[in-house]
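> Below is one structure. I have some questions about it.
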Amino acid sequence: MKTYRVGIAGLGFIGAAHIDAVRRIENAELVALADVVDVEAKAARLNIPQAYRDYREMCDRAGIDVLHICTPNDTHFEIALYAMERGIHVLCEKPFMHDVEQARTAVALARAAGVRNAVNHHNRFYPAPNNLKHLVADGELGEIVSVHGGYVQDWLVRETDFNWRLLSKNTGKTMVTADIGSHWMDLAEFITGRRIVQVFAEFACVYPVRQRGLPGGGFEPVAVDTEEISYLMLRFDNGAIGNAAITAMTAGEKNHIFMTVSGKRQSGTWDSTAINDMTLGRRGEGNVVITKAQDLVHPATRPLVAYPGGHAEGFPDAFLQNFRQFYRSIDDPDAKPEYATFTDGLRNMILCEAAYDSAHSGKWVVVVA
Ligand SMILES: NC(=O)c1ccc[n+]([C@@H]2O[C@H](COP(=O)([O-])OP(=O)(O)OC[C@H]3O[C@@H](n4cnc5c(N)ncnc54)[C@H](O)[C@@H]3O)[C@@H](O)[C@H]2O)c1
């Protein structure tokens, strides 16, 4: 099995999770890091052999086969294009791009360059929701009639909470919709195997002006042009309906994603507060909790269960499983990976933009893929 040389662009919150997962993959070798802030110190701290202040230099000099893009959304496009033009496979963070136009161009270029490409919608790789997906595909739930749930956090509750994500020039047209709503919508389509065809959205910008902390102390006011709360109503291509509460403004909720898929026979629920379990809801008999264990999950989900039942697998493990499928698929034409591709990333951008258009027009928006 070939070992792929890996470069990471951006070592903030999520870059560290990528490094952790890459180092656990059999056929990947982390060789280089690019960052625009303190890259030498960051690389030294994590024992990464090569450090670059410019991702272009890393792509040209480090001899990498695969690039992970872990930088703010507005930089994904230029970095992905530069790498793909040099035949480097790209695994990009979500939301895929800053806007739909960039996403379309990146999909076309990936196809032309013949590189493997993925967007890190890692929720697909927790065994519990993955198991639910395969039960739905086998018809265990019956015809799907609705999907509901949410993705809720509290990191923007205070007026003094600030991050690049709040500004459309960095984040794209939508903030919380793209930041975490993208995960929820990707998962809803992944689990149901259905496509969202219409979106109605209500957005709220709770603090149009926030107070950004200054390095020397004190604050400066910054105008915010995106939403922290996004409530979505959805119609799927089989007539099922859905809704999701997407917010970064619910105090006490750290990183909580939950989803119930209702079929005519049973419902299936995954809730990240019990991340290794999913529940089949039944009428006329008791509900069934299926925990992550080799002998309990669907055969198609078994490869995602790395430890025996009862030994928790969480956020770093979902990254590992996602990346493992990516690396195995590079040279395997027969691979049927479940990771989100750039095409899925484009679709997700279209959904986020449909939500934006709906929130600003007060109307249902038809999703034109
Ligand atoms: N999959 C997930 O669940 C998940 C979770 C968090 C973040 N993300 C995504 O990951 C991306 C990064 O988010 P984050 O929270 O890690 O941000 P962050 O601000 O913590 O880190 C970004 C890093 O990128 C560096 N950077 C900025 N511009 C750069 C450039 N041109 N070249 C190289 N490095 C550059 C910054 O110096 C910083 O170290 C975003 O797209 C975000 O949506 C995904």
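Identifiers for the structure tokens are assigned positionally: chains receive A, B, ... in sequence, residues are indexed from 1 per chain, and ligands are indexed from 1 in the order shown.
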Per residue of chain A within 7 Å of ligand 1, which atom pair is closest and at what distance in Å (one decimal), using only C-alpha atoms and all ligand atoms, listed by chain and increasing number, as CSV?


residue,atom,partner,partner_atom_place_in_ligand_line,distance
A:Ala9,CA,ligand 1,33 (C),4.9
A:Gly10,CA,ligand 1,24 (O),3.5
A:Leu11,CA,ligand 1,39 (O),4.2
A:Gly12,CA,ligand 1,21 (O),3.3
A:Phe13,CA,ligand 1,16 (O),3.8
A:Ile14,CA,ligand 1,16 (O),3.8
A:Gly15,CA,ligand 1,16 (O),5.6
A:Ala34,CA,ligand 1,33 (C),5.2
A:Asp35,CA,ligand 1,34 (N),3.5
A:Val36,CA,ligand 1,34 (N),4.8
A:Val37,CA,ligand 1,37 (O),4.7
A:Asp54,CA,ligand 1,32 (N),6.1
A:Tyr55,CA,ligand 1,32 (N),5.6
A:Cys70,CA,ligand 1,11 (C),4.5
A:Thr71,CA,ligand 1,24 (O),3.8
A:Pro72,CA,ligand 1,40 (C),4.4
A:Asn73,CA,ligand 1,41 (O),4.3
A:Thr75,CA,ligand 1,31 (N),5.7
A:Glu93,CA,ligand 1,10 (O),5.0
A:Lys94,CA,ligand 1,43 (O),5.1
A:Pro95,CA,ligand 1,43 (O),5.5
A:Asn120,CA,ligand 1,1 (N),5.3
A:His121,CA,ligand 1,1 (N),5.9
A:His122,CA,ligand 1,1 (N),6.1
A:Asp179,CA,ligand 1,43 (O),5.5

> List the neighbours of A:Asn276 out to 12 Å using only C-alpha atoms; skip same-chain residues closer than 3 positions along the sequence, and give me the result as an MDAnalysis selection string.

chainID A and resid 123 125:132 269:273 279 289:293 296:297 304:305 307:315 317:318

> Go ahead and write the residues just picked, N, CA and C atoms, as an mmCIF file, in the first residue's frame.


data_model
loop_
_atom_site.group_PDB
_atom_site.id
_atom_site.type_symbol
_atom_site.label_atom_id
_atom_site.label_comp_id
_atom_site.auth_asym_id
_atom_site.auth_seq_id
_atom_site.Cartn_x
_atom_site.Cartn_y
_atom_site.Cartn_z
ATOM 1 N N ASN A 123 -19.770 13.945 10.344
ATOM 2 C CA ASN A 123 -20.878 13.307 11.088
ATOM 3 C C ASN A 123 -21.350 12.013 10.424
ATOM 4 N N PHE A 125 -19.622 9.697 9.703
ATOM 5 C CA PHE A 125 -18.734 8.606 10.105
ATOM 6 C C PHE A 125 -18.814 8.230 11.572
ATOM 7 N N TYR A 126 -19.751 8.842 12.317
ATOM 8 C CA TYR A 126 -20.054 8.265 13.630
ATOM 9 C C TYR A 126 -20.831 6.982 13.370
ATOM 10 N N PRO A 127 -20.485 5.892 14.048
ATOM 11 C CA PRO A 127 -21.190 4.645 13.749
ATOM 12 C C PRO A 127 -22.713 4.727 13.914
ATOM 13 N N ALA A 128 -23.196 5.484 14.907
ATOM 14 C CA ALA A 128 -24.649 5.474 15.166
ATOM 15 C C ALA A 128 -25.465 6.078 14.022
ATOM 16 N N PRO A 129 -25.174 7.299 13.561
ATOM 17 C CA PRO A 129 -25.956 7.803 12.425
ATOM 18 C C PRO A 129 -25.673 7.036 11.135
ATOM 19 N N ASN A 130 -24.466 6.513 10.995
ATOM 20 C CA ASN A 130 -24.152 5.711 9.819
ATOM 21 C C ASN A 130 -25.013 4.448 9.812
ATOM 22 N N ASN A 131 -25.170 3.853 10.996
ATOM 23 C CA ASN A 131 -26.029 2.673 11.121
ATOM 24 C C ASN A 131 -27.468 3.003 10.730
ATOM 25 N N LEU A 132 -27.926 4.164 11.197
ATOM 26 C CA LEU A 132 -29.293 4.583 10.864
ATOM 27 C C LEU A 132 -29.450 4.721 9.354
ATOM 28 N N THR A 269 -33.556 7.784 15.727
ATOM 29 C CA THR A 269 -33.037 9.028 16.305
ATOM 30 C C THR A 269 -31.560 8.884 16.636
ATOM 31 N N TRP A 270 -30.801 9.913 16.286
ATOM 32 C CA TRP A 270 -29.422 10.020 16.759
ATOM 33 C C TRP A 270 -29.280 11.367 17.448
ATOM 34 N N ASP A 271 -28.661 11.350 18.619
ATOM 35 C CA ASP A 271 -28.470 12.561 19.409
ATOM 36 C C ASP A 271 -27.033 12.525 19.915
ATOM 37 N N SER A 272 -26.255 13.554 19.584
ATOM 38 C CA SER A 272 -24.818 13.503 19.877
ATOM 39 C C SER A 272 -24.496 13.535 21.370
ATOM 40 N N THR A 273 -25.495 13.818 22.225
ATOM 41 C CA THR A 273 -25.207 13.755 23.663
ATOM 42 C C THR A 273 -25.076 12.293 24.118
ATOM 43 N N THR A 279 -31.574 5.245 18.444
ATOM 44 C CA THR A 279 -32.798 4.623 18.955
ATOM 45 C C THR A 279 -33.780 4.395 17.826
ATOM 46 N N VAL A 289 -32.673 0.578 21.699
ATOM 47 C CA VAL A 289 -31.436 1.364 21.607
ATOM 48 C C VAL A 289 -30.352 0.465 21.013
ATOM 49 N N ILE A 290 -29.743 0.935 19.922
ATOM 50 C CA ILE A 290 -28.652 0.170 19.308
ATOM 51 C C ILE A 290 -27.362 0.923 19.574
ATOM 52 N N THR A 291 -26.508 0.317 20.361
ATOM 53 C CA THR A 291 -25.250 0.983 20.657
ATOM 54 C C THR A 291 -24.181 0.538 19.672
ATOM 55 N N LYS A 292 -23.146 1.318 19.572
ATOM 56 C CA LYS A 292 -22.043 1.033 18.657
ATOM 57 C C LYS A 292 -21.282 -0.216 19.124
ATOM 58 N N ALA A 293 -21.466 -1.312 18.413
ATOM 59 C CA ALA A 293 -20.721 -2.541 18.693
ATOM 60 C C ALA A 293 -20.747 -3.369 17.416
ATOM 61 N N LEU A 296 -23.788 -5.471 16.683
ATOM 62 C CA LEU A 296 -25.108 -4.834 16.749
ATOM 63 C C LEU A 296 -25.414 -3.941 15.557
ATOM 64 N N VAL A 297 -24.364 -3.386 14.938
ATOM 65 C CA VAL A 297 -24.625 -2.440 13.846
ATOM 66 C C VAL A 297 -24.747 -3.173 12.510
ATOM 67 N N LEU A 304 -16.544 1.070 10.665
ATOM 68 C CA LEU A 304 -16.388 2.327 11.414
ATOM 69 C C LEU A 304 -16.242 2.095 12.919
ATOM 70 N N VAL A 305 -16.480 0.858 13.362
ATOM 71 C CA VAL A 305 -16.383 0.551 14.797
ATOM 72 C C VAL A 305 -14.973 0.031 15.063
ATOM 73 N N TYR A 307 -13.290 0.157 18.146
ATOM 74 C CA TYR A 307 -13.093 -0.396 19.492
ATOM 75 C C TYR A 307 -14.321 -1.201 19.899
ATOM 76 N N PRO A 308 -14.139 -2.150 20.826
ATOM 77 C CA PRO A 308 -15.292 -2.947 21.257
ATOM 78 C C PRO A 308 -16.398 -2.083 21.841
ATOM 79 N N GLY A 309 -17.621 -2.594 21.814
ATOM 80 C CA GLY A 309 -18.760 -1.877 22.383
ATOM 81 C C GLY A 309 -18.460 -1.391 23.790
ATOM 82 N N GLY A 310 -19.019 -0.236 24.129
ATOM 83 C CA GLY A 310 -18.808 0.317 25.464
ATOM 84 C C GLY A 310 -17.583 1.192 25.583
ATOM 85 N N HIS A 311 -16.724 1.138 24.556
ATOM 86 C CA HIS A 311 -15.541 2.004 24.542
ATOM 87 C C HIS A 311 -15.855 3.155 23.585
ATOM 88 N N ALA A 312 -16.074 4.324 24.175
ATOM 89 C CA ALA A 312 -16.621 5.445 23.410
ATOM 90 C C ALA A 312 -15.744 5.811 22.216
ATOM 91 N N GLU A 313 -16.411 6.138 21.101
ATOM 92 C CA GLU A 313 -15.717 6.701 19.942
ATOM 93 C C GLU A 313 -16.418 7.999 19.592
ATOM 94 N N GLY A 314 -15.638 9.051 19.397
ATOM 95 C CA GLY A 314 -16.242 10.362 19.213
ATOM 96 C C GLY A 314 -15.618 11.158 18.094
ATOM 97 N N PHE A 315 -15.526 12.458 18.319
ATOM 98 C CA PHE A 315 -15.103 13.429 17.301
ATOM 99 C C PHE A 315 -13.795 13.025 16.592
ATOM 100 N N ASP A 317 -12.459 10.208 16.247
ATOM 101 C CA ASP A 317 -12.622 8.920 15.564
ATOM 102 C C ASP A 317 -13.432 9.061 14.277
ATOM 103 N N ALA A 318 -14.411 9.977 14.289
ATOM 104 C CA ALA A 318 -15.174 10.218 13.054
ATOM 105 C C ALA A 318 -14.249 10.805 11.988
#

> Could you write out, as a list in words, all the residues of stretch 20-109 of chain A that DSSP marks as strand (DSSP E or B)?

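For stretch 20-109 of chain A, the strand (DSSP E or B) set is Ala28, Glu29, Leu30, Val31, Ala32, Leu33, Ala34, Gln50, Ala51, Tyr52, Val66, Leu67, His68, Ile69, His89, Val90, Leu91 and Cys92 of chain A.
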
> Taking C-alpha atoms for each residue, export the selection above as a compact mmCIF listing (two decimals), in the first residue's frame.


# COMPACT_ATOMS: atom_id res chain seq x y z
CA ALA A 28 -0.54 8.67 5.41
CA GLU A 29 2.58 10.52 6.53
CA LEU A 30 2.28 14.07 7.79
CA VAL A 31 5.24 15.99 6.35
CA ALA A 32 4.36 19.68 6.24
CA LEU A 33 2.31 22.50 7.70
CA ALA A 34 1.48 25.89 6.19
CA GLN A 50 8.48 21.11 7.42
CA ALA A 51 6.89 24.53 8.07
CA TYR A 52 5.81 27.04 5.41
CA VAL A 66 -2.60 15.18 -0.34
CA LEU A 67 -3.52 18.58 1.06
CA HIS A 68 -5.95 19.15 3.94
CA ILE A 69 -7.49 22.63 3.91
CA HIS A 89 -5.57 15.40 -3.88
CA VAL A 90 -7.60 17.71 -1.65
CA LEU A 91 -9.56 17.13 1.52
CA CYS A 92 -11.29 20.40 2.36

> From a DSSP calculation on the backbone, collect every residue of stretch 47-211 of chain A in alpha helix (DSSP H) and output the set as a PyMOL selection string.

chain A and resi 55-61+76-85+100-113+127-137+168-171+176+182-192

> Find the residues around A:Met175 up to 12 Å (only C-alpha atoms counted), leave out those fewer than 5 positions away in its own chain, and share them as JSON, numbers by chain.

{"A": [73, 94, 95, 98, 99, 156, 163, 164, 165, 166, 167, 168, 169, 170, 180, 181, 182, 203, 204, 205, 224, 225, 226, 227, 228, 229, 230, 246, 247, 248, 349, 352, 353, 355, 356]}
